[in-house]
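Chemist: Please find my_file_33.cif (mmCIF, C-alpha atoms and all ligand atoms) on the next line:
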data_coords
loop_
_atom_site.label_atom_id
_atom_site.label_comp_id
_atom_site.auth_asym_id
_atom_site.auth_seq_id
_atom_site.Cartn_x
_atom_site.Cartn_y
_atom_site.Cartn_z
CA MET S 27 118.41 90.08 93.53
CA ILE S 28 116.09 87.36 94.75
CA ILE S 29 115.26 84.55 92.37
CA SER S 30 112.74 82.09 93.66
CA TYR S 31 111.91 78.63 92.42
CA PRO S 32 108.24 78.34 91.41
CA GLY S 33 107.52 74.98 93.04
CA ASN S 34 104.88 73.76 90.59
CA LEU S 35 107.20 73.62 87.56
CA SER S 36 109.36 70.66 86.57
CA VAL S 37 113.10 71.14 87.09
CA ARG S 38 113.64 70.98 83.33
CA LEU S 39 111.10 73.69 82.61
CA TYR S 40 112.48 75.73 85.49
CA LYS S 41 116.02 75.55 84.07
CA LEU S 42 114.71 76.54 80.66
CA LEU S 43 112.91 79.50 82.15
CA MET S 44 115.96 80.48 84.17
CA THR S 45 117.96 80.90 80.98
CA ARG S 46 115.32 83.45 79.99
CA ILE S 47 114.61 85.13 83.31
CA LYS S 48 117.13 87.85 83.95
CA ALA S 49 116.04 88.43 87.49
CA MET S 50 113.31 89.59 89.76
CA LYS S 51 114.72 92.47 91.74
CA ILE S 52 113.09 93.06 95.12
CA THR S 53 113.77 96.34 96.85
CA VAL S 54 112.58 96.90 100.39
CA THR S 55 112.20 100.52 101.39
CA ASP S 56 112.03 101.89 104.93
CA ASN S 57 108.72 103.58 104.31
CA TYR S 58 106.02 104.56 101.82
CA LYS S 59 107.67 107.86 100.87
CA GLU S 60 110.89 106.11 99.83
CA GLN S 61 108.88 103.53 97.91
CA SER S 62 107.03 106.27 96.03
CA GLU S 63 110.27 108.13 95.23
CA LEU S 64 111.89 104.98 93.89
CA ALA S 65 108.85 104.08 91.76
CA ALA S 66 108.75 107.61 90.32
CA SER S 67 112.47 107.49 89.56
CA LEU S 68 112.02 104.22 87.61
CA MET S 69 109.33 105.89 85.52
CA CYS S 70 111.52 108.95 84.95
CA ASN S 71 114.41 106.72 83.80
CA VAL S 72 112.20 105.16 81.14
CA ILE S 73 111.00 108.57 79.92
CA GLU S 74 114.55 109.94 79.86
CA ASN S 75 115.55 107.10 77.56
CA ARG S 76 112.45 107.39 75.39
CA LYS S 77 110.47 110.61 75.48
CA ASN S 78 107.47 108.98 73.77
CA ALA S 79 107.48 106.07 76.22
CA VAL S 80 104.32 103.97 76.53
CA ILE S 81 103.46 103.49 80.19
CA GLY S 82 100.88 101.30 81.95
CA LEU S 83 99.38 102.95 85.02
CA PRO S 84 97.54 101.73 88.13
CA THR S 85 95.01 103.30 90.44
CA GLY S 86 94.25 102.62 94.11
CA SER S 87 95.92 103.94 97.25
CA THR S 88 99.38 102.52 96.66
CA PRO S 89 100.46 104.61 93.64
CA LEU S 90 99.21 107.95 95.02
CA GLY S 91 102.64 108.75 96.49
CA MET S 92 104.33 107.92 93.18
CA TYR S 93 102.00 110.30 91.35
CA LYS S 94 102.81 113.05 93.87
CA GLU S 95 106.54 112.53 93.31
CA LEU S 96 106.09 112.69 89.53
CA ILE S 97 104.10 115.92 89.81
CA LYS S 98 106.90 117.34 91.98
CA SER S 99 109.52 116.35 89.38
CA TYR S 100 107.42 117.94 86.65
CA ASN S 101 107.03 121.19 88.64
CA GLU S 102 110.79 121.26 89.15
CA GLY S 103 111.27 120.97 85.37
CA LYS S 104 112.92 117.55 85.65
CA ILE S 105 110.42 115.59 83.60
CA SER S 106 107.93 116.07 80.79
CA PHE S 107 105.00 113.91 79.78
CA ALA S 108 104.43 115.90 76.58
CA HIS S 109 105.14 112.86 74.38
CA VAL S 110 104.32 110.07 76.80
CA VAL S 111 101.46 107.66 76.01
CA THR S 112 99.61 106.04 78.92
CA PHE S 113 97.31 103.05 79.27
CA ASN S 114 95.47 102.52 82.52
CA LEU S 115 95.06 99.00 83.77
CA ASP S 116 91.35 99.01 84.38
CA GLU S 117 88.07 100.82 84.86
CA TYR S 118 84.75 100.06 86.53
CA ILE S 119 81.82 99.23 84.27
CA GLY S 120 78.83 101.52 84.57
CA LEU S 121 80.41 104.65 86.00
CA PRO S 122 80.60 107.74 83.81
CA ALA S 123 84.08 109.30 83.54
CA THR S 124 82.76 112.22 85.60
CA ASP S 125 81.87 109.99 88.57
CA GLU S 126 84.40 110.69 91.29
CA ASN S 127 84.90 106.97 91.88
CA SER S 128 85.72 106.22 88.25
CA TYR S 129 89.38 105.62 87.52
CA ASN S 130 89.10 108.24 84.80
CA TYR S 131 88.28 110.81 87.48
CA TYR S 132 90.99 109.43 89.80
CA MET S 133 93.67 109.79 87.11
CA ASN S 134 92.65 113.31 86.16
CA HIS S 135 92.41 114.53 89.74
CA ASN S 136 95.48 112.82 91.12
CA PHE S 137 97.83 113.07 88.18
CA PHE S 138 97.01 114.06 84.61
CA SER S 139 95.60 117.53 85.32
CA PHE S 140 98.91 118.48 86.97
CA MET S 141 101.09 117.27 84.10
CA ASP S 142 101.81 118.37 80.53
CA ILE S 143 100.43 115.16 79.06
CA ASP S 144 98.61 115.44 75.73
CA LYS S 145 95.00 114.32 76.37
CA LYS S 146 94.94 112.31 73.17
CA ASN S 147 97.75 110.15 74.58
CA ILE S 148 95.72 109.14 77.64
CA ASN S 149 94.03 105.75 77.38
CA ILE S 150 91.61 104.47 80.01
CA PRO S 151 89.04 101.76 79.22
CA HIS S 152 85.58 103.24 78.64
CA GLY S 153 83.57 101.57 81.36
CA ASN S 154 80.37 103.37 80.52
CA THR S 155 79.73 101.71 77.21
CA ASP S 156 77.02 99.46 75.73
CA ASP S 157 79.66 97.47 73.86
CA VAL S 158 82.03 96.11 76.49
CA THR S 159 83.39 93.38 74.21
CA GLY S 160 84.16 95.90 71.45
CA GLU S 161 85.78 98.20 73.99
CA CYS S 162 88.04 95.39 75.25
CA LEU S 163 89.14 94.53 71.70
CA ARG S 164 89.72 98.19 70.87
CA TYR S 165 91.83 98.67 74.01
CA GLU S 166 94.00 95.66 73.27
CA GLU S 167 94.51 96.83 69.68
CA ASN S 168 95.41 100.34 70.80
CA ILE S 169 98.16 99.02 73.09
CA LYS S 170 99.59 97.04 70.19
CA ALA S 171 99.29 99.99 67.80
CA ALA S 172 101.24 102.14 70.27
CA GLY S 173 104.10 99.63 70.05
CA GLY S 174 103.37 97.88 73.36
CA MET S 175 104.15 99.15 76.84
CA ASP S 176 107.72 100.03 77.80
CA ILE S 177 106.87 99.75 81.48
CA ILE S 178 103.80 99.06 83.58
CA PHE S 179 103.25 99.82 87.26
CA LEU S 180 101.04 97.53 89.32
CA GLY S 181 99.58 97.39 92.79
CA ILE S 182 98.50 94.09 94.30
CA GLY S 183 95.07 93.34 95.74
CA ARG S 184 94.73 91.58 99.08
CA ASN S 185 93.44 88.58 97.11
CA GLY S 186 96.46 88.68 94.77
CA HIS S 187 94.75 90.41 91.88
CA ILE S 188 96.70 92.60 89.44
CA GLY S 189 94.65 95.14 87.56
CA PHE S 190 91.24 93.61 88.15
CA ASN S 191 92.36 90.08 87.23
CA GLU S 192 90.65 88.25 90.06
CA PRO S 193 91.64 84.80 91.38
CA GLY S 194 90.18 82.04 89.22
CA GLU S 195 90.74 78.73 87.48
CA PHE S 196 92.77 80.11 84.58
CA PHE S 197 94.63 83.21 83.50
CA GLU S 198 92.53 85.45 81.24
CA PRO S 199 95.02 86.58 78.60
CA TYR S 200 93.59 89.72 77.05
CA THR S 201 91.61 92.81 78.05
CA HIS S 202 88.23 91.55 79.25
CA GLN S 203 85.20 92.11 81.42
CA VAL S 204 85.52 90.76 84.94
CA ILE S 205 83.03 90.19 87.74
CA LEU S 206 84.61 91.60 90.87
CA GLU S 207 85.18 89.37 93.89
CA LYS S 208 83.40 90.16 97.14
CA SER S 209 86.79 90.80 98.78
CA THR S 210 87.63 93.40 96.11
CA ILE S 211 84.23 95.08 96.46
CA ASP S 212 84.65 95.14 100.25
CA ALA S 213 88.20 96.55 99.98
CA ASN S 214 87.14 99.27 97.52
CA SER S 215 83.98 100.22 99.38
CA ARG S 216 86.16 102.59 101.45
CA PHE S 217 86.12 104.94 98.46
CA PHE S 218 82.37 104.63 97.80
CA GLY S 219 81.04 105.01 101.33
CA SER S 220 79.06 101.78 101.11
CA VAL S 221 79.48 98.31 99.63
CA SER S 222 76.21 98.58 97.69
CA LYS S 223 77.54 101.51 95.65
CA VAL S 224 80.62 99.65 94.35
CA PRO S 225 80.21 98.45 90.74
CA THR S 226 80.22 94.67 90.46
CA SER S 227 82.14 94.45 87.20
CA ALA S 228 85.05 96.11 85.44
CA ILE S 229 87.19 96.09 82.32
CA THR S 230 90.80 95.08 82.91
CA MET S 231 93.91 94.40 80.91
CA GLY S 232 94.48 90.64 80.82
CA ILE S 233 97.45 88.75 82.18
CA LYS S 234 99.14 88.44 78.80
CA THR S 235 98.56 92.13 78.18
CA ILE S 236 100.33 92.93 81.45
CA LEU S 237 103.17 90.47 80.82
CA SER S 238 103.71 91.95 77.36
CA ALA S 239 105.09 95.13 78.98
CA ARG S 240 108.86 95.21 78.57
CA GLN S 241 109.36 96.13 82.23
CA ILE S 242 107.07 95.65 85.23
CA VAL S 243 107.14 97.41 88.59
CA LEU S 244 105.04 95.87 91.36
CA LEU S 245 104.32 98.09 94.35
CA ALA S 246 103.16 96.80 97.72
CA SER S 247 102.70 98.86 100.80
CA GLY S 248 101.47 98.10 104.32
CA LYS S 249 101.16 95.02 106.50
CA GLU S 250 97.85 93.92 104.99
CA LYS S 251 99.79 93.11 101.77
CA ALA S 252 102.58 91.13 103.49
CA GLU S 253 101.00 87.67 103.34
CA ILE S 254 99.77 87.89 99.75
CA LEU S 255 103.06 89.39 98.57
CA LYS S 256 104.95 86.42 100.00
CA GLU S 257 102.54 83.97 98.35
CA ALA S 258 102.72 85.78 95.01
CA LEU S 259 106.50 86.00 94.88
CA LYS S 260 107.58 82.83 96.68
CA GLY S 261 104.69 80.43 96.19
CA LYS S 262 103.31 78.40 93.31
CA ILE S 263 102.44 80.09 90.06
CA THR S 264 98.68 79.75 90.00
CA PRO S 265 95.65 81.64 88.65
CA LYS S 266 94.31 81.48 92.22
CA ILE S 267 96.92 84.16 92.94
CA PRO S 268 97.08 86.12 89.67
CA ALA S 269 100.16 88.14 90.74
CA SER S 270 102.16 84.89 90.99
CA ILE S 271 102.49 84.84 87.19
CA LEU S 272 104.79 87.85 87.51
CA GLN S 273 107.51 85.42 88.63
CA LEU S 274 107.91 84.53 84.95
CA HIS S 275 108.55 88.04 83.66
CA GLU S 276 112.06 88.82 82.49
CA HIS S 277 112.34 92.31 83.88
CA ILE S 278 110.45 92.99 87.05
CA ASP S 279 111.16 95.24 89.99
CA VAL S 280 109.21 94.71 93.19
CA ILE S 281 109.25 97.70 95.50
CA ALA S 282 107.81 96.90 98.90
CA ASP S 283 107.90 98.95 102.04
CA SER S 284 109.19 97.23 105.17
CA GLU S 285 105.69 96.30 106.38
CA ALA S 286 104.69 94.63 103.11
CA ALA S 287 108.07 92.89 102.83
CA VAL S 288 108.07 91.42 106.31
CA TYR S 289 107.73 87.77 105.11
CA LEU S 290 110.05 88.01 102.10
P1 LIG P 301 95.39 99.53 96.79
O1 LIG P 301 94.86 98.56 95.67
O2 LIG P 301 96.61 100.20 96.24
O3 LIG P 301 94.28 100.49 97.01
O4 LIG P 301 95.71 98.69 97.99
C1 LIG P 301 95.76 97.75 94.99
C2 LIG P 301 95.00 96.87 94.04
O5 LIG P 301 93.88 96.47 94.36
O6 LIG P 301 95.54 96.57 92.97
#
Please lay out the structure from this file as structure tokens.
Ligand code: PGA

Modeler:
Amino acid sequence: MIISYPGNLSVRLYKLLMTRIKAMKITVTDNYKEQSELAASLMCNVIENRKNAVIGLPTGSTPLGMYKELIKSYNEGKISFAHVVTFNLDEYIGLPATDENSYNYYMNHNFFSFMDIDKKNINIPHGNTDDVTGECLRYEENIKAAGGMDIIFLGIGRNGHIGFNEPGEFFEPYTHQVILEKSTIDANSRFFGSVSKVPTSAITMGIKTILSARQIVLLASGKEKAEILKEALKGKITPKIPASILQLHEHIDVIADSEAAVYL
């Protein structure tokens, strides 16, 4: 267990928070495979306790190993998603679900199509809509109507973003439209072949939406995440590093491989 003092809070407020914070548990794994196995096992635990669990899901490179492990467990008959409800963190604006760079496509091709999940229980923001504001409100309402998320899995961007909550002057609470930072567009251009093809905006769960999950698992893999992971977990809580707000959650597991955890 590592509990760190967020330096920008008064001692009084910190003590008050500490009575509420159970702990942030940081687990360092030897490698990516171990990290993925551990993340998958945390998801399986939640589903074993509640077969109609509501689960928040990420995209990107980091969770791919976790999805592979879950598919393996499903094929071995150890887990079922038949009653599970999922909410993805985010989606690009302007890409149809059939576009191979949409997160809809990613989820179907890397995970859902291999599982027994009921399609009506899959929720991904509709990024190809004329009514983005209405879509954001609908998404937020749907999470509430499902009873809130039992657990959410997150990656971390090199700029400290979670979902697509980019660094800024304040924390955006609810599901909203976001203009993507240049650093995010550059980082994600590896999937699109060129920077000019990357959408410039997205729909993302907000910070309060993410924090409303009853359990959070933050995954970080590789040396390019080491610096930002240290800042997010050990530094000031600030909207300039959106992941830093996770320090305030009552039930969070950080699973970092040894390269990402090098400065922790
Ligand atoms: P990555 O993205 O897993 O592809 O590094 C993480 C993120 O941007 O949240």

Chemist: Using CA of His277 in chain S and CA of Lys251 in chain S as the two end points, give the distance in Å to one decimal.

Modeler: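 Computed distance, CA of His277 in chain S to CA of Lys251 in chain S, equals 21.9 Å.
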
Chemist: Neighbours of range 148-156 of chain S within 7 Å (only C-alpha atoms; same-chain residues fewer than 6 positions away dropped), as a list in words?

Modeler: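 Using only C-alpha atoms, the neighbours found are Val111, Thr112, Phe113, Asn114, Asp116, Glu117, Tyr118, Ile119, Gly120, Leu121, Pro122, Asn130, Tyr165, Ala228 and Ile229 of chain S.
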
Chemist: 9 Å from ligand LIG 301 (chain P) is the threshold here; counting all atoms listed in the file, which polymer residues fall inside it? Answer as a list in words.

Modeler: Pro84, Thr85, Gly86, Ser87, Thr88, Pro89, Leu90, Leu180, Gly181, Ile182, Gly183, Arg184, Asn185, Gly186, His187, Ile188, Gly189, Phe190, Thr210, Ala213, Asn214, Leu245, Ala246, Ser247, Gly248, Glu250 and Lys251 of chain S

Chemist: Could you tell me which of S:Asp279, S:Glu192, S:Glu253, S:Glu95 comes closest to Ile211 in chain S if we count all atoms listed in the file?

Modeler: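 Checking each of S:Asp279, S:Glu192, S:Glu253, S:Glu95 against Ile211 in chain S, counting all atoms listed in the file, the winner is S:Glu192.
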
Chemist: Between S:Leu115, S:Ile205, S:Ile267, S:Ala172, which residue has the minimum interatomic distance to Asn147 in chain S, considering only C-alpha atoms?

Modeler: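 For Asn147 in chain S, the nearest of the candidates is S:Ala172.
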
Chemist: Within 8 Å of Ile242 in chain S, counting only C-alpha atoms, which residues qualify if same-chain residues fewer than 2 places away don't, as a PDB file with C-alpha atoms, in the frame of the given file?

Modeler:
ATOM      1  CA  ILE S 177     106.870  99.750  81.480  1.00  0.00           C
ATOM      2  CA  ILE S 178     103.800  99.060  83.580  1.00  0.00           C
ATOM      3  CA  PHE S 179     103.250  99.820  87.260  1.00  0.00           C
ATOM      4  CA  LEU S 180     101.040  97.530  89.320  1.00  0.00           C
ATOM      5  CA  LEU S 237     103.170  90.470  80.820  1.00  0.00           C
ATOM      6  CA  ALA S 239     105.090  95.130  78.980  1.00  0.00           C
ATOM      7  CA  ARG S 240     108.860  95.210  78.570  1.00  0.00           C
ATOM      8  CA  LEU S 244     105.040  95.870  91.360  1.00  0.00           C
ATOM      9  CA  HIS S 275     108.550  88.040  83.660  1.00  0.00           C
ATOM     10  CA  HIS S 277     112.340  92.310  83.880  1.00  0.00           C
ATOM     11  CA  ILE S 278     110.450  92.990  87.050  1.00  0.00           C
ATOM     12  CA  ASP S 279     111.160  95.240  89.990  1.00  0.00           C
TER      13      ASP S 279
END

Chemist: So which residues fall inside 6 Å of (98.7, 107.4, 87.0) if we count all atoms listed in the file? Mind giving them as a list in words?

Modeler: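 It turns out the residues near that spot are Leu83, Pro84, Met133 and Phe137 of chain S.
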
Chemist: Write a file of the selected residues as a short mmCIF file (atom, residue, chain, number, x, y, z; two decimals), in the frame of the given file, keeping C-alpha atoms.

Modeler:
data_model
loop_
_atom_site.label_atom_id
_atom_site.label_comp_id
_atom_site.auth_asym_id
_atom_site.auth_seq_id
_atom_site.Cartn_x
_atom_site.Cartn_y
_atom_site.Cartn_z
CA LEU S 83 99.38 102.95 85.02
CA PRO S 84 97.54 101.73 88.13
CA MET S 133 93.67 109.79 87.11
CA PHE S 137 97.83 113.07 88.18
#

Chemist: For Thr55 in chain S, please output as number ranges by chain all residues within 9 Å (counting all atoms listed in the file; exclusion window: fewer than 6 positions along the same chain).

Modeler: S: 61, 64, 281-284, 287

Chemist: Find, counting all atoms listed in the file, the residue in S:Thr235, S:Ser270, S:Asn71, S:Asn57 that gets nearest to Glu166 in chain S.

Modeler: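 Smallest distance to Glu166 in chain S is found for S:Thr235.
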
Chemist: Of the residues S:Ile143, S:Val288, S:Asn127, S:Lys104, which is the one nearest to Arg216 in chain S, using only C-alpha atoms?

Modeler: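 Result for the nearest residue to Arg216 in chain S: S:Asn127.
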
Chemist: Using only C-alpha atoms, which of S:Met141, S:Ala79, S:Ala269, S:Val224 sits nearest Asp176 in chain S?

Modeler: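 Closest candidate: S:Ala79.
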
Chemist: One decimal, in Å: what's the spacing between CA of Ser106 in chain S and CA of Gly82 in chain S?

Modeler: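 Computing it gives 16.4 Å between the two atoms.
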
Chemist: Nearest residue to Glu161 in chain S out of S:Met175, S:Met231, S:Leu206, S:Val243, using only C-alpha atoms?

Modeler: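 Of the candidates, the smallest distance to Glu161 in chain S is held by S:Met231.
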
Chemist: To one decimal place in Å, what is the distance between CA of Asp56 in chain S and CA of Ile105 in chain S?

Modeler: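 Spanning CA of Asp56 in chain S to CA of Ile105 in chain S is a straight-line distance of 25.4 Å.
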